[in-house]
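Dropping entry_26.cif in here (mmCIF, C-alpha atoms):
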```
data_structure
#
loop_
_atom_site.label_atom_id
_atom_site.label_comp_id
_atom_site.auth_asym_id
_atom_site.auth_seq_id
_atom_site.Cartn_x
_atom_site.Cartn_y
_atom_site.Cartn_z
CA MET A 10 42.44 5.01 -45.13
CA ALA A 11 41.81 3.93 -41.61
CA CYS A 12 42.44 7.50 -40.44
CA GLU A 13 39.91 8.89 -42.89
CA GLN A 14 37.42 6.43 -41.48
CA TRP A 15 38.03 7.56 -37.92
CA ARG A 16 38.65 11.27 -38.12
CA GLY A 17 34.99 12.11 -38.47
CA LYS A 18 34.28 10.12 -35.34
CA LEU A 19 36.89 11.50 -33.01
CA ASP A 20 34.53 14.02 -31.49
CA LEU A 21 31.86 11.40 -30.96
CA TYR A 22 34.47 9.21 -29.38
CA LEU A 23 35.61 11.94 -27.00
CA ASP A 24 32.05 12.98 -26.26
CA GLY A 25 31.28 9.43 -25.25
CA GLU A 26 28.76 9.00 -28.00
CA LEU A 27 30.32 6.07 -29.82
CA ALA A 28 28.94 2.64 -29.21
CA GLU A 29 31.17 0.55 -27.00
CA GLU A 30 32.34 -1.72 -29.77
CA GLU A 31 33.23 1.12 -32.11
CA ALA A 32 34.91 3.05 -29.32
CA GLY A 33 37.06 0.00 -28.65
CA GLU A 34 38.08 -0.20 -32.29
CA LEU A 35 38.92 3.50 -32.38
CA ALA A 36 40.98 3.22 -29.21
CA ALA A 37 42.90 0.36 -30.82
CA HIS A 38 43.50 2.52 -33.88
CA LEU A 39 44.73 5.43 -31.76
CA ARG A 40 47.33 3.25 -30.10
CA GLY A 41 48.91 2.60 -33.48
CA CYS A 42 48.34 5.96 -35.20
CA ALA A 43 50.37 8.93 -34.02
CA SER A 44 48.58 11.32 -36.35
CA CYS A 45 45.12 10.49 -35.02
CA ALA A 46 46.43 10.35 -31.46
CA GLY A 47 47.82 13.88 -31.88
CA ASP A 48 44.51 15.01 -33.27
CA VAL A 49 42.71 13.48 -30.31
CA LEU A 50 45.08 15.17 -27.89
CA ASP A 51 44.30 18.55 -29.43
CA ARG A 52 40.61 17.92 -29.20
CA VAL A 53 40.88 16.77 -25.63
CA GLN A 54 42.80 19.91 -24.81
CA LEU A 55 40.14 22.06 -26.41
CA LYS A 56 37.42 20.21 -24.56
CA ARG A 57 39.23 20.65 -21.29
CA ALA A 58 39.97 24.30 -21.97
CA VAL A 59 36.32 25.00 -22.75
CA LYS A 60 35.21 23.09 -19.71
CA ILE A 61 37.42 25.17 -17.46
CA ALA A 62 36.80 28.45 -19.21
CA GLY A 63 33.10 27.76 -19.46
CA LYS A 64 32.69 27.67 -15.70
CA ARG A 65 32.97 31.37 -15.54
CA TYR A 66 30.04 33.01 -13.90
CA GLU A 67 29.09 32.70 -10.28
CA PRO A 68 25.61 33.71 -9.27
CA SER A 69 25.35 36.39 -6.64
CA ALA A 70 24.38 35.41 -3.14
CA ALA A 71 21.36 37.67 -3.46
CA LEU A 72 20.11 35.80 -6.51
CA ARG A 73 20.81 32.48 -4.86
CA SER A 74 18.70 33.32 -1.84
CA ARG A 75 16.07 34.93 -4.03
CA ILE A 76 15.76 31.78 -6.12
CA ALA A 77 15.85 29.49 -3.14
CA ARG A 78 13.33 31.58 -1.32
CA GLY A 79 11.29 32.23 -4.43
CA ALA A 80 11.10 28.60 -5.36
CA ARG A 81 10.33 27.68 -1.81
CA VAL A 82 7.99 30.57 -1.20
CA GLU A 83 6.22 29.98 -4.46
CA SER A 84 6.20 26.26 -4.16
CA GLY A 85 5.57 26.72 -0.49
CA SER A 86 2.69 29.05 -1.09
CA LEU A 87 1.55 26.83 -3.89
CA GLY A 88 1.77 23.95 -1.51
CA TRP A 89 0.07 26.06 1.08
CA ARG A 90 -2.64 26.99 -1.35
CA TRP A 91 -3.01 23.42 -2.42
CA ARG A 92 -3.02 22.31 1.15
CA LEU A 93 -5.70 24.89 1.90
CA ALA A 94 -7.68 23.76 -1.11
CA GLY A 95 -7.14 20.23 0.02
CA VAL A 96 -8.35 21.04 3.49
CA ALA A 97 -11.31 22.90 2.06
CA ALA A 98 -12.09 19.96 -0.17
CA LEU A 99 -11.78 17.65 2.78
CA ILE A 100 -14.06 19.82 4.83
CA LEU A 101 -16.58 19.86 2.02
CA LEU A 102 -16.26 16.14 1.64
CA ALA A 103 -16.60 15.63 5.34
CA ALA A 104 -19.57 17.98 5.45
CA ALA A 105 -21.13 16.23 2.50
CA ALA A 106 -20.43 12.88 4.04
CA ALA A 107 -21.79 14.07 7.36
CA ALA A 108 -24.83 15.55 5.67
CA ASN A 109 -25.22 12.38 3.73
CA PHE A 110 -24.75 10.34 6.82
CA TYR A 111 -27.07 12.58 8.72
CA ALA A 112 -29.56 12.57 5.85
CA GLY A 113 -29.16 8.84 5.67
CA ARG A 114 -29.78 8.52 9.37
CA GLU A 115 -32.67 10.91 9.12
CA ARG A 116 -34.06 8.94 6.26
CA ALA A 117 -33.57 5.70 8.08
CA ALA A 118 -35.10 7.09 11.24
CA ARG A 119 -38.01 8.55 9.34
CA GLN A 120 -38.49 5.28 7.53
CA ARG A 121 -38.41 3.43 10.80
CA VAL A 122 -40.94 5.76 12.39
CA TYR A 123 -43.18 5.70 9.38
CA SER A 124 -43.19 1.97 9.20
CA GLU A 125 -43.87 1.75 12.89
CA LEU A 126 -46.75 4.16 12.51
CA ALA A 127 -47.98 2.25 9.49
CA ASP A 128 -47.86 -0.92 11.58
CA LEU A 129 -49.80 0.79 14.35
CA HIS A 130 -52.30 2.08 11.84
CA VAL A 131 -52.82 -1.32 10.21
CA ALA A 132 -52.80 -3.24 13.47
CA THR A 133 -55.30 -0.90 14.99
CA LEU A 134 -57.64 -1.12 12.06
CA ALA A 135 -57.34 -4.89 12.05
CA SER A 136 -58.08 -5.04 15.74
CA ALA A 137 -61.53 -5.97 16.94
CA THR A 138 -61.45 -2.95 19.15
CA PRO A 139 -59.57 -0.36 17.18
CA VAL A 140 -60.32 2.46 19.51
CA ASP A 141 -60.72 2.70 23.22
CA VAL A 142 -62.83 5.75 23.14
CA VAL A 143 -65.49 5.51 20.51
CA SER A 144 -66.84 8.88 19.76
CA SER A 145 -67.18 11.29 16.94
CA ASP A 146 -67.29 14.08 19.41
CA ARG A 147 -63.99 15.77 19.94
CA HIS A 148 -65.25 17.04 23.25
CA THR A 149 -65.53 13.45 24.38
CA VAL A 150 -62.37 12.18 22.87
CA LYS A 151 -60.03 14.88 24.01
CA PRO A 152 -60.88 14.63 27.72
CA TRP A 153 -60.60 10.89 27.52
CA PHE A 154 -56.84 11.23 27.04
CA GLN A 155 -56.52 13.31 30.16
CA GLY A 156 -54.39 11.40 32.66
CA ARG A 157 -53.55 8.80 30.04
CA ILE A 158 -50.96 10.80 28.17
CA PRO A 159 -48.66 13.49 29.54
CA PHE A 160 -49.93 16.26 27.27
CA THR A 161 -53.07 17.72 25.84
CA PHE A 162 -54.02 18.79 22.35
CA ASN A 163 -56.75 20.45 20.37
CA LEU A 164 -58.99 18.69 17.93
CA PRO A 165 -60.66 20.43 15.04
CA GLU A 166 -64.28 21.05 14.39
CA LEU A 167 -65.17 18.69 11.57
CA GLN A 168 -68.51 20.09 10.68
CA GLY A 169 -68.63 21.06 7.05
CA SER A 170 -65.86 18.63 6.17
CA GLU A 171 -65.97 15.10 4.90
CA PHE A 172 -64.00 13.81 7.84
CA THR A 173 -65.47 12.09 10.80
CA LEU A 174 -63.79 11.20 14.03
CA VAL A 175 -64.00 7.49 14.81
CA GLY A 176 -62.34 7.45 18.17
CA GLY A 177 -59.00 7.27 19.92
CA ARG A 178 -56.63 5.19 21.92
CA VAL A 179 -53.37 5.49 23.70
CA THR A 180 -50.40 4.35 21.70
CA TYR A 181 -46.67 4.19 22.03
CA LEU A 182 -43.99 5.19 19.62
CA GLU A 183 -40.46 4.37 20.65
CA GLN A 184 -41.48 3.98 24.26
CA THR A 185 -43.24 7.29 24.27
CA PRO A 186 -46.98 7.50 24.95
CA GLY A 187 -49.14 9.37 22.52
CA ALA A 188 -52.64 9.80 21.21
CA HIS A 189 -53.84 7.73 18.33
CA LEU A 190 -56.94 9.17 16.70
CA ILE A 191 -58.79 7.60 13.87
CA TYR A 192 -60.61 9.63 11.33
CA GLN A 193 -62.64 8.44 8.46
CA ILE A 194 -63.20 9.94 5.07
CA ARG A 195 -65.45 8.00 2.75
CA LYS A 196 -64.23 4.40 3.18
CA HIS A 197 -60.73 5.37 4.20
CA GLN A 198 -59.49 5.53 7.71
CA ILE A 199 -56.71 7.84 8.64
CA SER A 200 -54.67 7.50 11.79
CA VAL A 201 -53.51 10.66 13.45
CA PHE A 202 -50.72 10.21 15.95
CA ILE A 203 -49.79 12.91 18.38
CA PHE A 204 -46.63 12.79 20.44
CA GLN A 205 -44.61 15.24 22.38
CA GLU A 206 -41.89 16.68 20.20
CA ARG A 207 -38.52 15.33 21.14
CA GLY A 208 -35.15 14.89 19.59
CA GLY A 209 -35.53 11.26 18.74
CA LEU A 210 -38.20 11.77 16.17
CA PRO A 211 -37.12 12.29 12.57
CA GLY A 212 -37.32 15.64 10.86
CA PHE A 213 -40.46 17.02 9.43
CA ALA A 214 -40.95 15.75 5.92
CA GLY A 215 -42.66 18.98 4.86
CA SER A 216 -45.33 17.49 2.69
CA VAL A 217 -47.18 14.29 2.18
CA VAL A 218 -44.76 11.52 1.57
CA ASN A 219 -45.53 8.10 0.45
CA ALA A 220 -44.21 5.62 2.93
CA LEU A 221 -44.84 1.94 2.45
CA SER A 222 -47.78 2.75 0.18
CA PHE A 223 -49.36 4.87 2.89
CA ASN A 224 -49.49 8.60 2.65
CA VAL A 225 -47.96 10.34 5.59
CA GLU A 226 -47.93 13.93 6.61
CA SER A 227 -46.07 15.08 9.63
CA TRP A 228 -45.77 18.40 11.30
CA THR A 229 -44.97 20.04 14.57
CA GLN A 230 -47.29 22.32 16.37
CA ASN A 231 -47.20 23.69 19.93
CA GLY A 232 -44.48 21.30 20.90
CA LEU A 233 -46.44 18.36 19.62
CA ARG A 234 -45.58 16.13 16.78
CA TYR A 235 -48.39 15.08 14.48
CA PHE A 236 -48.46 12.26 12.00
CA ALA A 237 -51.36 11.62 9.68
CA VAL A 238 -51.10 8.16 8.17
CA GLY A 239 -53.47 6.37 5.90
CA ASP A 240 -54.25 4.88 2.55
CA ALA A 241 -56.46 7.83 1.70
CA SER A 242 -55.31 10.12 -1.06
CA ALA A 243 -52.58 12.62 -0.43
CA ASP A 244 -55.17 15.33 -0.85
CA ASP A 245 -57.34 13.83 1.88
CA ILE A 246 -54.36 13.45 4.19
CA ARG A 247 -53.46 17.03 3.49
CA GLY A 248 -57.02 18.16 4.07
CA LEU A 249 -57.20 16.46 7.44
CA SER A 250 -53.81 17.80 8.36
CA ARG A 251 -54.96 21.29 7.53
CA LEU A 252 -57.97 20.87 9.79
CA LEU A 253 -55.85 19.59 12.63
CA LYS A 254 -53.39 22.45 12.23
CA SER A 255 -56.17 24.95 12.48
CA ALA A 256 -57.68 23.36 15.58
CA ARG A 257 -58.14 25.78 18.45
CA MET B 2 7.70 21.78 8.54
CA GLU B 3 10.07 22.05 5.59
CA VAL B 4 11.53 18.66 6.31
CA ALA B 5 8.15 17.06 6.66
CA ASP B 6 7.07 18.56 3.37
CA ARG B 7 10.09 17.23 1.56
CA ARG B 8 9.65 13.57 2.10
CA LEU B 9 8.59 13.09 -1.49
CA PRO B 10 11.68 12.59 -3.64
CA ALA B 11 10.76 14.74 -6.60
CA THR B 12 9.67 18.12 -5.36
CA PHE B 13 10.46 21.03 -7.59
CA ASP B 14 12.98 22.35 -5.08
CA ASP B 15 14.79 19.04 -4.91
CA LEU B 16 15.21 18.88 -8.64
CA ALA B 17 15.65 22.50 -9.58
CA LEU B 18 17.77 24.06 -6.86
CA PRO B 19 20.86 21.88 -7.45
CA LEU B 20 20.90 23.15 -11.03
CA PHE B 21 21.04 26.76 -9.95
CA ASP B 22 24.77 27.42 -10.32
CA GLN B 23 24.99 25.73 -13.71
CA LEU B 24 21.88 27.44 -14.97
CA TYR B 25 23.17 30.79 -13.88
CA ASN B 26 26.50 30.21 -15.57
CA PHE B 27 24.74 29.17 -18.76
CA ALA B 28 22.36 32.13 -18.56
CA HIS B 29 25.26 34.53 -18.13
CA TRP B 30 27.03 32.98 -21.10
CA LEU B 31 23.93 33.48 -23.18
CA THR B 32 23.14 37.01 -22.11
CA GLN B 33 26.69 38.19 -21.49
CA ASP B 34 25.25 40.41 -18.80
CA ARG B 35 24.77 39.85 -15.10
CA ALA B 36 21.49 41.66 -14.64
CA GLU B 37 19.97 39.99 -17.66
CA ALA B 38 21.27 36.63 -16.55
CA GLU B 39 19.67 37.11 -13.15
CA ASP B 40 16.36 38.02 -14.71
CA LEU B 41 16.64 35.08 -17.04
CA VAL B 42 17.32 32.63 -14.23
CA GLN B 43 14.53 34.03 -12.14
CA GLU B 44 12.08 33.83 -14.98
CA THR B 45 13.24 30.33 -15.78
CA TYR B 46 12.58 29.16 -12.24
CA ALA B 47 9.21 30.85 -12.16
CA LYS B 48 8.19 29.31 -15.47
CA ALA B 49 9.53 25.92 -14.51
CA LEU B 50 7.67 26.02 -11.23
CA ARG B 51 4.45 26.88 -12.97
CA GLY B 52 5.06 24.22 -15.59
CA PHE B 53 6.24 21.62 -13.12
CA PRO B 54 2.85 19.90 -12.82
CA SER B 55 3.05 19.19 -16.54
CA PHE B 56 6.64 17.97 -16.32
CA GLN B 57 6.59 14.26 -16.90
CA ALA B 58 8.36 12.37 -14.19
CA GLY B 59 11.01 10.08 -15.58
CA THR B 60 11.92 12.40 -18.42
CA ASN B 61 15.05 14.51 -18.31
CA PHE B 62 14.52 17.31 -15.84
CA ARG B 63 17.84 18.99 -16.53
CA ALA B 64 17.20 19.16 -20.26
CA TRP B 65 13.72 20.44 -19.47
CA MET B 66 15.09 23.27 -17.30
CA TYR B 67 17.74 24.24 -19.81
CA ARG B 68 15.17 24.23 -22.52
CA ILE B 69 12.96 26.60 -20.56
CA LEU B 70 15.92 28.85 -19.89
CA ARG B 71 17.02 28.84 -23.49
CA ASN B 72 13.54 29.45 -24.88
CA THR B 73 13.07 32.24 -22.39
CA PHE B 74 16.34 33.72 -23.51
CA LEU B 75 15.51 33.42 -27.19
CA SER B 76 12.23 35.21 -26.69
CA SER B 77 13.89 37.98 -24.67
CA ARG B 78 15.00 41.21 -26.26
CA THR B 79 18.66 40.23 -26.19
CA GLY B 80 17.84 36.76 -27.35
CA LEU B 81 15.85 37.98 -30.32
CA LYS B 82 18.77 40.11 -31.38
CA THR B 83 21.22 37.24 -31.20
CA THR B 84 18.97 34.68 -32.77
CA VAL B 85 20.31 33.64 -36.11
CA ALA B 86 18.25 31.64 -38.52
CA ILE B 87 19.46 28.10 -38.59
CA ASP B 88 21.26 27.80 -41.87
CA ASP B 89 20.83 24.87 -44.17
CA GLU B 90 24.31 23.51 -43.82
CA ASP B 91 23.60 23.06 -40.15
CA ALA B 92 21.46 20.03 -40.87
CA GLY B 93 24.01 18.53 -43.23
CA ALA B 94 26.01 15.37 -42.71
CA LEU B 95 29.14 15.37 -40.64
CA PRO B 96 32.08 16.42 -42.73
CA ALA B 97 34.53 13.60 -43.12
CA GLU B 98 37.60 15.77 -43.09
CA SER B 99 39.48 16.62 -39.96
CA ALA B 100 38.89 19.81 -38.08
CA ASN B 101 42.58 20.29 -38.70
CA PRO B 102 43.70 21.64 -35.33
CA GLU B 103 47.15 22.50 -36.71
CA SER B 104 48.79 22.02 -33.38
CA LEU B 105 46.87 24.72 -31.67
CA LEU B 106 49.21 24.75 -28.73
CA LEU B 107 46.29 25.19 -26.47
CA GLU B 108 48.67 25.46 -23.59
CA GLN B 109 49.16 28.98 -24.82
CA ALA B 110 45.53 29.65 -24.93
CA ASN B 111 44.94 30.73 -21.41
CA ARG B 112 41.59 30.70 -19.74
CA GLU B 113 40.75 34.30 -20.54
CA MET B 114 41.49 33.72 -24.17
CA VAL B 115 39.15 30.78 -24.34
CA GLN B 116 36.50 32.76 -22.55
CA GLU B 117 36.84 35.58 -25.02
CA ALA B 118 36.59 33.17 -27.90
CA LEU B 119 33.49 31.56 -26.40
CA ALA B 120 31.90 34.94 -25.92
CA GLU B 121 32.59 35.79 -29.53
CA LEU B 122 30.97 32.64 -30.82
CA PRO B 123 27.48 33.03 -32.21
CA VAL B 124 24.94 32.04 -29.58
CA ARG B 125 23.93 28.82 -31.29
CA PHE B 126 27.56 27.69 -31.34
CA ARG B 127 28.30 28.99 -27.87
CA GLU B 128 25.37 27.26 -26.27
CA ILE B 129 25.97 23.88 -27.84
CA VAL B 130 29.66 23.89 -26.92
CA LEU B 131 28.81 24.84 -23.35
CA LEU B 132 26.08 22.22 -23.05
CA CYS B 133 28.49 19.60 -24.31
CA GLU B 134 31.68 20.54 -22.49
CA VAL B 135 30.57 22.36 -19.37
CA GLU B 136 27.25 20.68 -18.68
CA GLU B 137 28.58 17.44 -20.09
CA MET B 138 25.25 16.68 -21.64
CA SER B 139 24.83 13.71 -23.91
CA TYR B 140 23.86 14.39 -27.50
CA GLN B 141 20.41 13.16 -26.60
CA GLU B 142 20.11 15.70 -23.80
CA ILE B 143 21.41 18.45 -26.03
CA ALA B 144 18.88 17.46 -28.65
CA GLU B 145 16.11 17.68 -26.05
CA THR B 146 17.36 20.98 -24.73
CA LEU B 147 17.72 22.64 -28.11
CA GLY B 148 14.79 20.87 -29.68
CA ILE B 149 16.80 19.59 -32.62
CA PRO B 150 17.55 16.11 -33.97
CA ILE B 151 20.70 14.35 -32.84
CA GLY B 152 22.14 14.57 -36.33
CA THR B 153 21.87 18.33 -36.11
CA VAL B 154 23.51 18.23 -32.70
CA MET B 155 26.50 16.47 -34.20
CA SER B 156 26.90 18.73 -37.20
CA ARG B 157 26.33 21.92 -35.23
CA LEU B 158 28.75 20.84 -32.55
CA PHE B 159 31.33 20.10 -35.19
CA ARG B 160 30.95 23.55 -36.69
CA ALA B 161 30.92 25.20 -33.32
CA ARG B 162 34.20 23.59 -32.37
CA LYS B 163 35.70 24.47 -35.68
CA ALA B 164 34.67 28.10 -35.25
CA LEU B 165 36.05 28.11 -31.74
CA ARG B 166 39.37 26.74 -32.94
CA GLU B 167 39.62 29.40 -35.53
CA LEU B 168 38.87 32.13 -33.03
CA LEU B 169 41.48 30.73 -30.67
CA LYS B 170 44.01 30.37 -33.43
CA ASN B 171 43.55 34.00 -34.37
CA LYS B 172 43.88 35.05 -30.76
CA ILE B 173 47.00 33.03 -30.23
CA GLU B 174 48.54 34.31 -33.39
CA GLY B 175 47.38 37.84 -32.74
CA GLY B 176 48.76 37.65 -29.25
CA ARG B 177 52.04 36.47 -30.59
CA HIS B 178 52.24 39.24 -33.12
CA GLY B 179 51.06 41.74 -30.60
CA VAL B 180 53.91 41.06 -28.21
#
```

This entry written out as structure tokens:
Amino acid sequence: MACEQWRGKLDLYLDGELAEEEAGELAAHLRGCASCAGDVLDRVQLKRAVKIAGKRYEPSAALRSRIARGARVESGSLGWRWRLAGVAALILLAAAAAANFYAGRERAARQRVYSELADLHVATLASATPVDVVSSDRHTVKPWFQGRIPFTFNLPELQGSEFTLVGGRVTYLEQTPGAHLIYQIRKHQISVFIFQERGGLPGFAGSVVNALSFNVESWTQNGLRYFAVGDASADDIRGLSRLLKSAR
Amino acid sequence: MEVADRRLPATFDDLALPLFDQLYNFAHWLTQDRAEAEDLVQETYAKALRGFPSFQAGTNFRAWMYRILRNTFLSSRTGLKTTVAIDDEDAGALPAESANPESLLLEQANREMVQEALAELPVRFREIVLLCEVEEMSYQEIAETLGIPIGTVMSRLFRARKALRELLKNKIEGGRHGV
């Protein structure tokens, strides 16, 4: 009876698939049962014979190197491709970060310049003597700057436009001297700043931007950097800018 | 460069290349042909490499490789020819009776004889015997490799061994009568 119980489990026992406790019980049974022990011996012999006979085929050296190389080449090239992709991604990231950083710096610099110009604009208007040269005549104002700033510029003919020239003064932006002109349109006064173009100034915004509730337009012309700042409408700022750009 | 790239413990190479000899042996047993075995191994490595990103770390890599090899074989021309529908009895319970070895005198069964018998076994018997005895896989690993439940592993292994015994018995007896 005991043998019947165990015979079906001999393979599991020899394959190491019996739980420890059960394997122990079977081992105990085998010590006292010649029939089952003989059976086990046969099975062990078959297992061993198959194990030996089963290790039959040796791969060729050519295949071995092909696989080794293939796996390495493929995984290598995969790795290489991934590495390249990784590098490309890194470059993109770095470029994006740099652009971002640069854009951020640009933005910050522009913001700084705009707020400084806005300050100048407000401070000048608040001043008892906003302008040092009081004249609506560009032919008076322009020569006034001669010897006061290291450059010269053209002012537009305002006849036929709503703009009037109030006057001008010398100003400084980031330790650089420049011309500060004040124009008026209806009740609004617009400051026009002119500086020599240099690296330190932020990039051209392209169109009227709203900075600190002032409208600002900035452009570069003949090596000079212009800023038109004021609380006038964007259209007025643009209109004045257009006049200044067309000045001969 | 190669050394620097292999700092990570589980690269495909690290896991797959040590299995090469065993996989080849198994492939040759399945195909019974060197050229086919070589193709099979190559395809297995290529597939495994491609599939490696989806291989879940911590699961059984060896069973995974053997499974790829076996599935590749089964879908090959030779494999399709040798594929036999899994019969119903395969899933049955383990027979209680003994395999009745009848004193096989396996000492007489030399290596070539066993190899012949193995080669004559149907593929599904051959592969499970080899996975168990040569690869020394656990039933669990065999189940993973063949994609069958453990109960089926046990019953199929039992039948495979029984068939192998019978083949060997015939060879031994035939050899005896032949002399």

Starting from the PyMOL selection byres ((chain B and resi 23-39) around 9), expand the selection into actual residues of this file and give them as a compact mmCIF listing (two decimals) with C-alpha atoms, keeping the file's coordinate frame.
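Result file expr-v3.txt:
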```
# COMPACT_ATOMS: atom_id res chain seq x y z
CA GLY A 63 33.10 27.76 -19.46
CA LYS A 64 32.69 27.67 -15.70
CA ARG A 65 32.97 31.37 -15.54
CA TYR A 66 30.04 33.01 -13.90
CA GLU A 67 29.09 32.70 -10.28
CA PRO A 68 25.61 33.71 -9.27
CA SER A 69 25.35 36.39 -6.64
CA LEU A 72 20.11 35.80 -6.51
CA PRO B 19 20.86 21.88 -7.45
CA LEU B 20 20.90 23.15 -11.03
CA PHE B 21 21.04 26.76 -9.95
CA ASP B 22 24.77 27.42 -10.32
CA ASP B 40 16.36 38.02 -14.71
CA LEU B 41 16.64 35.08 -17.04
CA VAL B 42 17.32 32.63 -14.23
CA GLN B 43 14.53 34.03 -12.14
CA GLU B 44 12.08 33.83 -14.98
CA MET B 66 15.09 23.27 -17.30
CA TYR B 67 17.74 24.24 -19.81
CA LEU B 70 15.92 28.85 -19.89
CA ARG B 71 17.02 28.84 -23.49
CA PHE B 74 16.34 33.72 -23.51
CA THR B 79 18.66 40.23 -26.19
CA GLY B 80 17.84 36.76 -27.35
CA LEU B 119 33.49 31.56 -26.40
CA ALA B 120 31.90 34.94 -25.92
CA VAL B 124 24.94 32.04 -29.58
CA ARG B 127 28.30 28.99 -27.87
CA GLU B 128 25.37 27.26 -26.27
CA LEU B 131 28.81 24.84 -23.35
CA LEU B 132 26.08 22.22 -23.05
CA VAL B 135 30.57 22.36 -19.37
CA GLU B 136 27.25 20.68 -18.68
```

Of A:Leu21, A:Ala188, A:Leu164, A:Leu233, the one sitting nearest Arg257 in chain A when using only C-alpha atoms is A:Leu164

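Of the listed residues A:Ala11, A:Ala32, A:Ala70, A:Ile203, the one whose atoms come nearest to Cys45 in chain A is A:Ala11, with distances taken using all atoms listed in the file.
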
Find the residues of chain A in contact range of chain B, meaning any atom within 8 Å when counting all atoms listed in the file, and list them as a PyMOL selection string. chain A and resi 13-14+16-17+20+24-26+48+51-52+54-68+72-73+76-77+80-81+83-84

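One finds CA of Gly232 in chain A at 26.1 Å from CA of Ser170 in chain A.
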
Picked residues, the PyMOL selection byres ((chain A and resi 223) around 12), expected as a PyMOL selection string: chain A and resi 120+123-128+130-131+197-200+217-222+224-226+236-243+246

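Residues within 9 Å of Thr161 in chain A, counting only C-alpha atoms and excluding same-chain residues fewer than 6 positions away, are Lys151, Pro152, Phe154 and Gln155 of chain A.
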
Contacts of Arg195 in chain A at 10 Å or less, counting all atoms listed in the file, minus same-chain residues fewer than 4 places along, as number ranges by chain? A: 171-173, 241

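For the atom pair formed by CA of Pro165 in chain A and CA of Gln184 in chain A, the distance is 26.9 Å, given to one decimal.
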
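Evaluating the PyMOL selection byres ((chain A and resi 142-144) around 10) against the shown model yields A:Thr138, A:Pro139, A:Val140, A:Asp141, A:Ser145, A:Asp146, A:Arg147, A:His148, A:Thr149, A:Val150, A:Lys151, A:Trp153, A:Phe154, A:Thr173, A:Leu174, A:Val175, A:Gly176, A:Gly177, A:Arg178, A:Val179, A:Leu190, A:Ile191.
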
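Rounded to one decimal, CA of Ile69 in chain B and CA of Gly52 in chain B lie 9.6 Å from each other.
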
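Nearest residue to Ala144 in chain B among B:Arg68, B:Lys82, B:Lys48, B:Lys170 is B:Arg68, counting only C-alpha atoms.
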
Given the point (-55.2, 20.7, 9.0) in the coordinates of this file, which residues lie within 12 Å, counting all atoms listed in the file, and how would they look as an NGL selection string? :A and (163-167 or 170 or 172 or 201 or 226-230 or 235-237 or 244-257)
